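*Asks:* Here it is, the structure in full.
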Amino acid sequence: MKLYEYEGKILFRKVGIKTPSSFLVPPSKNFPQGKVVVKAQILEGGRGKRGLVKVTENPLEVMEQMRKDGIEKFLVEEYVPHEYEFYLSCMIDRDSQEPMLAIGKGGINVEEEGDIRTRVIPMERGVRSFDALEVSKLMKANPEEVLVVMRGLYELVLNYGAELAEINPLAVKDGSLIALDSKVIIEDNSLIRIGETLKSLGIHVERPSAYVELDGDIGIVGNGAGLTMATMDMVKIAGGSPADFLDVGGGADRNHVKESMLKVLSNPKVKKVIANIYGGITRCDEVALGVVDALKEVNKPVYIRLSGTNEEQGKKILEENGVKVYDYVPQMIGDALRS
Amino acid sequence: MNKNTRVLVQGITGREGSFHTRLMKTYGTKIVAGTSPGKGGTQVDGIPVYDTVEEAVKEHEIDASIIFVPASNAAEAMIEAADSNVKLIVTITEHIPVVEALKAVRYARSRGSTVIGPNCPGLIVPDETMIGIMPSRAFRKGKVGIISRSGTLTYEVAEVLKDMGQSIVVGIGGDPIIGSSMLDMAKEMDADPRTDTIVIIGEIGGTMEERLASAIARGDIKKKVVAYMAGMTAPKEKRMGHAGAVVYMGMGTFQSKVEAFKKADVKIAKTPYEIPELVGP
């Protein structure tokens with residue numbers, strides 16, 4: 001679950017990381033005189049490149065402009081002049097299975113340029129002053145302040161369920177550190193532990209969705225992440241263009257299949273849908289009923305492969321309703337793309 | 001692992017636990033006991049239920065445990081099994097918070113236990129035993145070993161390879177932190193005389209495939225390896241169903257995995273249906 005910039009900064013302040021003084025719009029209406037930064041609060045990245053972060057002396061006018069692009073929420077921040085900018089983040093390193101800090105020169109292209117140093121810090125000992133001393137030399141910043149920021153990000157990963165806690169840019173001003181932006185992604189699984197705490201801090205909590213929208217025109221539905229991804233890839237290899245990734249998960253029932261199918265079918269970009277179902281704990285008859293229910297509401301061509309538990313009943317239901325069923329996935333994809 | 005492996009089911013009275021206990025038993029798995037706090041003294045399908053693992057191991061010899069306990073208590077269950085010296089712990093449960101899974105996996109390792117999963121379909125030795133939730137129709141005894149981060153895609157590949165049959169199939173799990181890596185499992189299969197060829201089913205996210213590829217390039221794995229990678233068309237920083245199928249900081253992209261395997265001279269199937277041809281006769 002990705003947080004808005006202002007929500008990430010709520011967590012930053014909670015763990016002692018300094019942020020510029022700021023006003024969230026709405027509800028704020030009055031702002032200090034002079035230079036401020038207006039930042040659109042959206043979950044997509046690349047705001048800088050899209051002109052959605054602006055330095056101005058007239059925030060009301062800038063927000064009015066951005067509202068025309070459909071932006072509804074803003075953060076108006078004091079402008080902080082500074083000497084240097086850095087990238088600093090913390091996440092769990094999957095190889096060493098320990099938290100890892102990543103440090104680099106800040107900026108928009110930090111990930112592409114790949115000039116990032118990583119430092120695994122074992123949970124057993126946590127962040128220590130010597131870790132900070134090393135980093136402070138690079139940043140030309142006060143080691144004690146560096147320690148606070150490093151420990152803060154580390155704590156967000158270990159105690160607040162962050163799978164990524166990132167500051168870019170982290171500004172250095174007279175040796176002091178200020179987080180100008182935040183990118184915090186809360187691990188969906190940790191919401192059972194941390195959800196209530198986040199809510200009490202004023203952070204939105206929403207159920208994660210398995211739906212990922214893409215650019216193409218062929219809807220993709222599958223059960224199981226691997227099978228769904230493989231289906232998407234095969235469509236692409238065969239010359240098609242997937243419109244989404246939607247894994248209905250294990251043991252999906254009639255209603256869940258119907259809702260999932262409708263989500264894909266009602267996307268106006270989708271011209272047809274390819275569904276790949278391998279029934280293990282999922283029952284093919286339940287899937288078939290859900291597909292038929294969905295098609296009664298939005299009718300578009302559906303190509304479906306059904307195999308496994310209760311396969312015969314599932315096929316019968318679909319064929320009686322005029323939906324073509326396949327056994328062999330490459331054949332289904334071939335037919336779908338030719339039509 | 002074979003037909004004599006004695007299995008404990010943790011969370012045996014739950015919906016998933018009782019359902020799959022029945023299926024495993026039907027397949028021939030030697031299930032000797034189950035646990036469920038507060039249900040000690042009862043039975044599921046004739047299998048005695050205990051409150052704790054400690055009580056179960058007092059009464060039974062146990063080689064492996066399979067965990068169906070819900071996410072909020074699953075890490076506890078792993079630690080409990082490790083504490084009673086269960087040597088193989090298979091965690092089926094999905095949605096365990098990653099920091100909890102990490103602590104449990106590390107604790108189990110420090111106690112000398114091997115963890116498979118979390119968020120995995122388990123493992124099967126066709127015609128002998130299944131410690132997992134796999135549909136038995138997909139498998140047949142043979143000489144191909146399969147290591148996979150996926151569930152249904154594994155069954156699909158097993159079916160595609162049904163003519164050749166499988167020696168052992170392991171779903172290692174779709175989470176970012178798991179107990180046994182692809183390399184760990186490949187080493188086991190490399191040393192196992194029942195396996196001729198190893199099939200790898202990987203996906204984007206993490207660098208487990210890359211580490212396996214380097215080990216193959218170094219000559220640490222001697223047997224023939226064939227690989228398939230899912231997620232060619234996945235956008236970055238989007239999670240593709242599995243908690244672990246996400247690319248951060250440019251690590252573990254489809255391209256990086258394919259290149260790593262190419263460097264190690266591992267044949268890569270473009271689609272799952274090309275795998276049998278690459279495995280060969």
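Going by the structure tokens order, chains are called A, B, ..., each with residues numbered from 1, while ligands are numbered from 1 in the order shown.
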Apply DSSP to the backbone of this structure and, from stretch 134-309 of chain A, keep only the residues in helix (DSSP H, G or I); write these as a PyMOL selection string.
*Replies:* chain A and resi 134-139+143-159+188-200+225-237+254-265+284-297
*Asks:* Residues of chain A were defined as contacting chain B if any atom lay at most 6 Å from it, counting only C-alpha atoms; please report them as a PyMOL selection string.
*Replies:* chain A and resi 111+189-190+210+224-227+229-230+233+280
*Asks:* Only N, CA, C and O atoms, please: the residues just picked out, written as an mmCIF file, in the first residue's frame.
*Replies:*
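Writing done, so here's part38.cif:
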data_model
loop_
_atom_site.group_PDB
_atom_site.id
_atom_site.type_symbol
_atom_site.label_atom_id
_atom_site.label_comp_id
_atom_site.auth_asym_id
_atom_site.auth_seq_id
_atom_site.Cartn_x
_atom_site.Cartn_y
_atom_site.Cartn_z
ATOM 1 N N GLU A 111 17.404 6.019 -9.785
ATOM 2 C CA GLU A 111 17.320 4.576 -10.013
ATOM 3 C C GLU A 111 17.927 4.173 -11.344
ATOM 4 O O GLU A 111 18.581 3.153 -11.464
ATOM 5 N N ASN A 189 0.668 -7.163 3.857
ATOM 6 C CA ASN A 189 0.483 -8.195 4.881
ATOM 7 C C ASN A 189 0.596 -7.633 6.303
ATOM 8 O O ASN A 189 0.051 -8.195 7.242
ATOM 9 N N SER A 190 1.340 -6.544 6.461
ATOM 10 C CA SER A 190 1.569 -6.028 7.816
ATOM 11 C C SER A 190 0.381 -5.203 8.302
ATOM 12 O O SER A 190 0.343 -4.807 9.468
ATOM 13 N N ALA A 210 -5.532 -6.953 -6.306
ATOM 14 C CA ALA A 210 -4.631 -7.768 -7.124
ATOM 15 C C ALA A 210 -4.628 -7.292 -8.572
ATOM 16 O O ALA A 210 -3.994 -7.890 -9.421
ATOM 17 N N GLY A 224 -3.814 -17.675 -9.745
ATOM 18 C CA GLY A 224 -2.407 -17.877 -9.392
ATOM 19 C C GLY A 224 -1.566 -16.824 -10.091
ATOM 20 O O GLY A 224 -1.763 -16.544 -11.276
ATOM 21 N N ALA A 225 -0.633 -16.216 -9.330
ATOM 22 C CA ALA A 225 0.165 -15.118 -9.869
ATOM 23 C C ALA A 225 1.039 -15.577 -11.029
ATOM 24 O O ALA A 225 1.129 -14.920 -12.062
ATOM 25 N N GLY A 226 1.693 -16.710 -10.873
ATOM 26 C CA GLY A 226 2.618 -17.198 -11.895
ATOM 27 C C GLY A 226 1.893 -17.510 -13.194
ATOM 28 O O GLY A 226 2.315 -17.105 -14.278
ATOM 29 N N LEU A 227 0.777 -18.215 -13.077
ATOM 30 C CA LEU A 227 0.005 -18.602 -14.267
ATOM 31 C C LEU A 227 -0.530 -17.356 -14.984
ATOM 32 O O LEU A 227 -0.513 -17.282 -16.216
ATOM 33 N N MET A 229 0.728 -14.255 -14.859
ATOM 34 C CA MET A 229 1.861 -13.574 -15.502
ATOM 35 C C MET A 229 2.279 -14.287 -16.776
ATOM 36 O O MET A 229 2.538 -13.663 -17.799
ATOM 37 N N ALA A 230 2.342 -15.617 -16.713
ATOM 38 C CA ALA A 230 2.756 -16.398 -17.879
ATOM 39 C C ALA A 230 1.776 -16.175 -19.035
ATOM 40 O O ALA A 230 2.177 -16.047 -20.193
ATOM 41 N N ASP A 233 2.412 -12.780 -20.556
ATOM 42 C CA ASP A 233 3.633 -12.803 -21.370
ATOM 43 C C ASP A 233 3.382 -13.496 -22.710
ATOM 44 O O ASP A 233 3.875 -13.049 -23.748
ATOM 45 N N GLY A 280 -7.325 -26.178 -9.008
ATOM 46 C CA GLY A 280 -6.790 -27.053 -7.960
ATOM 47 C C GLY A 280 -7.787 -26.945 -6.826
ATOM 48 O O GLY A 280 -8.782 -27.649 -6.789
#
*Asks:* Which of these residues is nearest to B:Asn2, using only C-alpha atoms: B:Thr253, B:Thr21, B:Thr29, B:Thr35?
*Replies:* B:Thr29
*Asks:* Find the spatial neighbours of B:Met182, counting only C-alpha atoms, within a cut-off of 8 Å - ignore same-chain residues fewer than 5 positions away - and output them as a PyMOL selection string.
*Replies:* chain B and resi 147-148+172+200+208-209+212
*Asks:* Kindly export the residues of the current selection with N, CA, C and O atoms, as an mmCIF file, in the first residue's frame.
*Replies:*
data_model
loop_
_atom_site.group_PDB
_atom_site.id
_atom_site.type_symbol
_atom_site.label_atom_id
_atom_site.label_comp_id
_atom_site.auth_asym_id
_atom_site.auth_seq_id
_atom_site.Cartn_x
_atom_site.Cartn_y
_atom_site.Cartn_z
ATOM 1 N N ILE B 147 11.473 -26.898 -9.393
ATOM 2 C CA ILE B 147 11.570 -25.913 -8.304
ATOM 3 C C ILE B 147 10.839 -24.668 -8.780
ATOM 4 O O ILE B 147 11.146 -24.142 -9.844
ATOM 5 N N SER B 148 9.877 -24.189 -7.978
ATOM 6 C CA SER B 148 9.029 -23.117 -8.488
ATOM 7 C C SER B 148 8.657 -22.112 -7.417
ATOM 8 O O SER B 148 8.506 -22.456 -6.247
ATOM 9 N N ILE B 172 8.565 -23.297 -3.644
ATOM 10 C CA ILE B 172 9.330 -22.673 -2.548
ATOM 11 C C ILE B 172 8.631 -21.441 -1.980
ATOM 12 O O ILE B 172 8.990 -20.952 -0.923
ATOM 13 N N ILE B 200 13.403 -25.065 -13.512
ATOM 14 C CA ILE B 200 13.240 -23.907 -12.635
ATOM 15 C C ILE B 200 12.104 -23.042 -13.163
ATOM 16 O O ILE B 200 12.097 -22.679 -14.339
ATOM 17 N N MET B 208 17.063 -14.337 -6.527
ATOM 18 C CA MET B 208 17.282 -15.756 -6.263
ATOM 19 C C MET B 208 17.676 -16.519 -7.527
ATOM 20 O O MET B 208 18.543 -17.389 -7.494
ATOM 21 N N GLU B 209 17.044 -16.176 -8.632
ATOM 22 C CA GLU B 209 17.360 -16.837 -9.897
ATOM 23 C C GLU B 209 18.784 -16.492 -10.325
ATOM 24 O O GLU B 209 19.518 -17.351 -10.809
ATOM 25 N N LEU B 212 21.220 -18.520 -8.311
ATOM 26 C CA LEU B 212 21.271 -19.900 -8.798
ATOM 27 C C LEU B 212 22.098 -19.973 -10.083
ATOM 28 O O LEU B 212 22.949 -20.854 -10.245
#
*Asks:* Would you list, as a ChimeraX atom specification, the residues of stretch 27-205 of chain A that end up in strand (DSSP E) under DSSP run on this structure's backbone?
*Replies:* /A:36-40,53-56,74-78,84-93,98-105,116-120,162-173,176-179,183-186
*Asks:* For A:Ile274, please output as a list in words all residues within 8 Å (counting only C-alpha atoms; exclusion window: fewer than 4 positions along the same chain).
*Replies:* Ile218, Gly219, Ile220, Val221, Val302, Tyr303, Ile304, Met332, Ile333 and Ala336 of chain A
*Asks:* Using only C-alpha atoms, which residues sit within 12 Å of B:Arg15 once same-chain residues fewer than 3 positions away are excluded, as a list in words?
*Replies:*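 In the requested format, the answer is Gly11, Ile12, Ser18, Phe19, His20, Thr21, Arg22, Val44, Phe68, Val69 and Pro70 of chain B.
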*Asks:* Can you pull out the residues contacting stretch 139-149 of chain A? Cut-off 8 Å, using only C-alpha atoms, and skip same-chain residues under 3 positions away; I want them as an NGL selection string.
*Replies:* :A and (16-17 or 84 or 86 or 127-129 or 131-133 or 135-136 or 152-153 or 172 or 174-177)
*Asks:* Next, dump the selected residues to file, keeping only all heavy atoms, as a short mmCIF file (atom, residue, chain, number, x, y, z; two decimals), in the first residue's frame.
*Replies:*
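Written file, selection19.cif:
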data_model
loop_
_atom_site.label_atom_id
_atom_site.label_comp_id
_atom_site.auth_asym_id
_atom_site.auth_seq_id
_atom_site.Cartn_x
_atom_site.Cartn_y
_atom_site.Cartn_z
N GLY A 16 11.22 10.89 14.14
CA GLY A 16 12.25 11.89 14.39
C GLY A 16 12.95 12.48 13.18
O GLY A 16 13.93 13.21 13.33
N ILE A 17 12.47 12.17 11.98
CA ILE A 17 13.09 12.73 10.77
C ILE A 17 12.44 14.10 10.49
O ILE A 17 11.22 14.21 10.47
CB ILE A 17 12.90 11.78 9.57
CG1 ILE A 17 13.59 10.44 9.85
CG2 ILE A 17 13.42 12.41 8.28
CD1 ILE A 17 13.28 9.35 8.83
N TYR A 84 23.24 20.37 -0.61
CA TYR A 84 23.35 19.08 -1.31
C TYR A 84 22.04 18.32 -1.21
O TYR A 84 21.24 18.55 -0.31
CB TYR A 84 24.45 18.20 -0.72
CG TYR A 84 25.74 18.90 -0.48
CD1 TYR A 84 26.11 19.30 0.82
CD2 TYR A 84 26.62 19.17 -1.53
CE1 TYR A 84 27.29 19.96 1.06
CE2 TYR A 84 27.81 19.83 -1.31
CZ TYR A 84 28.14 20.22 -0.01
OH TYR A 84 29.32 20.87 0.23
N PHE A 86 20.57 14.16 -1.33
CA PHE A 86 20.91 12.74 -1.35
C PHE A 86 19.67 11.87 -1.42
O PHE A 86 18.54 12.34 -1.21
CB PHE A 86 21.74 12.35 -0.12
CG PHE A 86 23.12 12.93 -0.19
CD1 PHE A 86 23.39 14.16 0.39
CD2 PHE A 86 24.12 12.27 -0.87
CE1 PHE A 86 24.64 14.72 0.30
CE2 PHE A 86 25.38 12.82 -0.97
CZ PHE A 86 25.65 14.04 -0.38
N VAL A 127 21.06 0.05 13.78
CA VAL A 127 21.94 1.11 13.26
C VAL A 127 22.80 1.67 14.40
O VAL A 127 22.29 2.01 15.46
CB VAL A 127 21.11 2.25 12.64
CG1 VAL A 127 22.04 3.27 11.99
CG2 VAL A 127 20.12 1.71 11.61
N ARG A 128 24.10 1.76 14.17
CA ARG A 128 25.05 2.24 15.20
C ARG A 128 25.72 3.53 14.73
O ARG A 128 25.69 3.87 13.56
CB ARG A 128 26.11 1.18 15.45
CG ARG A 128 25.56 -0.12 15.97
CD ARG A 128 25.22 0.01 17.43
NE ARG A 128 24.42 -1.12 17.87
CZ ARG A 128 24.26 -1.44 19.14
NH1 ARG A 128 24.85 -0.74 20.09
NH2 ARG A 128 23.51 -2.47 19.48
N SER A 129 26.37 4.18 15.68
CA SER A 129 26.97 5.48 15.36
C SER A 129 28.03 5.37 14.26
O SER A 129 28.18 6.27 13.44
CB SER A 129 27.54 6.13 16.61
OG SER A 129 28.47 5.26 17.20
N ASP A 131 27.96 3.43 11.69
CA ASP A 131 27.26 3.40 10.39
C ASP A 131 27.02 4.83 9.92
O ASP A 131 27.24 5.18 8.77
CB ASP A 131 25.90 2.70 10.51
CG ASP A 131 26.00 1.23 10.88
OD1 ASP A 131 26.76 0.52 10.20
OD2 ASP A 131 25.32 0.80 11.83
N ALA A 132 26.53 5.64 10.87
CA ALA A 132 26.18 7.02 10.54
C ALA A 132 27.42 7.84 10.21
O ALA A 132 27.39 8.69 9.33
CB ALA A 132 25.41 7.64 11.70
N LEU A 133 28.50 7.56 10.91
CA LEU A 133 29.74 8.32 10.68
C LEU A 133 30.20 8.15 9.24
O LEU A 133 30.56 9.11 8.55
CB LEU A 133 30.81 7.85 11.66
CG LEU A 133 32.04 8.73 11.79
CD1 LEU A 133 31.65 10.15 12.18
CD2 LEU A 133 33.00 8.15 12.82
N VAL A 135 28.37 7.40 6.63
CA VAL A 135 27.45 8.07 5.71
C VAL A 135 27.58 9.59 5.82
O VAL A 135 27.49 10.31 4.83
CB VAL A 135 25.99 7.61 5.99
CG1 VAL A 135 25.00 8.38 5.16
CG2 VAL A 135 25.85 6.12 5.74
N SER A 136 27.85 10.08 7.03
CA SER A 136 27.93 11.53 7.23
C SER A 136 29.10 12.14 6.45
O SER A 136 29.03 13.28 6.02
CB SER A 136 28.05 11.87 8.72
OG SER A 136 29.33 11.50 9.19
N GLY A 152 15.59 6.22 11.88
CA GLY A 152 14.17 6.46 11.60
C GLY A 152 13.68 5.56 10.47
O GLY A 152 12.65 4.88 10.60
N LEU A 153 14.41 5.54 9.36
CA LEU A 153 13.99 4.71 8.23
C LEU A 153 13.99 3.23 8.61
O LEU A 153 13.11 2.46 8.24
CB LEU A 153 14.90 4.95 7.01
CG LEU A 153 14.83 6.35 6.39
CD1 LEU A 153 15.76 6.43 5.18
CD2 LEU A 153 13.41 6.72 5.97
N VAL A 172 20.66 18.60 2.56
CA VAL A 172 21.66 18.96 3.57
C VAL A 172 21.76 20.48 3.60
O VAL A 172 22.05 21.12 2.58
CB VAL A 172 23.04 18.36 3.24
CG1 VAL A 172 24.04 18.73 4.33
CG2 VAL A 172 22.94 16.86 3.07
N ASP A 174 23.46 23.44 6.00
CA ASP A 174 24.37 23.72 7.12
C ASP A 174 24.61 22.47 7.97
O ASP A 174 24.59 22.52 9.20
CB ASP A 174 23.79 24.82 8.03
CG ASP A 174 23.42 26.08 7.25
OD1 ASP A 174 24.14 26.37 6.27
OD2 ASP A 174 22.41 26.73 7.59
N GLY A 175 24.80 21.34 7.32
CA GLY A 175 25.09 20.10 8.04
C GLY A 175 23.88 19.41 8.62
O GLY A 175 23.96 18.31 9.16
N SER A 176 22.72 20.05 8.50
CA SER A 176 21.48 19.50 9.05
C SER A 176 20.68 18.80 7.95
O SER A 176 20.81 19.14 6.78
CB SER A 176 20.72 20.69 9.64
OG SER A 176 19.56 20.26 10.25
N LEU A 177 19.84 17.82 8.31
CA LEU A 177 19.15 17.02 7.29
C LEU A 177 17.64 17.24 7.32
O LEU A 177 17.01 17.20 8.38
CB LEU A 177 19.41 15.53 7.53
CG LEU A 177 20.86 15.06 7.33
CD1 LEU A 177 20.98 13.58 7.70
CD2 LEU A 177 21.31 15.27 5.90
#
*Asks:* Within 9 Å of stretch 83-86 of chain B, counting only C-alpha atoms, which residues show up once you throw out same-chain ones fewer than 4 positions away? Write them as a list in words, please.
*Replies:* Val53, Glu54, Val57, Ile62, Asp63, Ala64, Ser65, Met78, Ile79, Tyr107, Ala108, Arg111, Gly112, Ser113 and Thr114 of chain B
*Asks:* Work out how far atom CA of B:Pro118 is from atom CA of B:Ala264, in Å to one decimal.
*Replies:*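 Calculated distance between atom CA of B:Ala264 and atom CA of B:Pro118 is 28.6 Å.
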*Asks:* Kindly give the distance, in Å, that separates atom CA of B:Val144 and atom CA of B:Lys222, rounded to a single decimal.
*Replies:*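 That distance, rounded to one decimal, is 14.3 Å.
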*Asks:* Have a look at B:Tyr27, B:Val160, B:Gln166, B:Ala101 and name the one nearest to B:Glu277; count only C-alpha atoms.
*Replies:* B:Val160
*Asks:* Mind giving me the straight-line distance from atom CA of B:Met189 to atom CA of A:Met234 in Å, one decimal?
*Replies:*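 Interatomic distance here is 29.1 Å.
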*Asks:* Closest to A:Asn321 among A:Thr231, A:Asn299, A:Asn30, A:Ser307, using only C-alpha atoms?
*Replies:*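 Of A:Thr231, A:Asn299, A:Asn30, A:Ser307, the one nearest A:Asn321, counting only C-alpha atoms, is A:Asn299.
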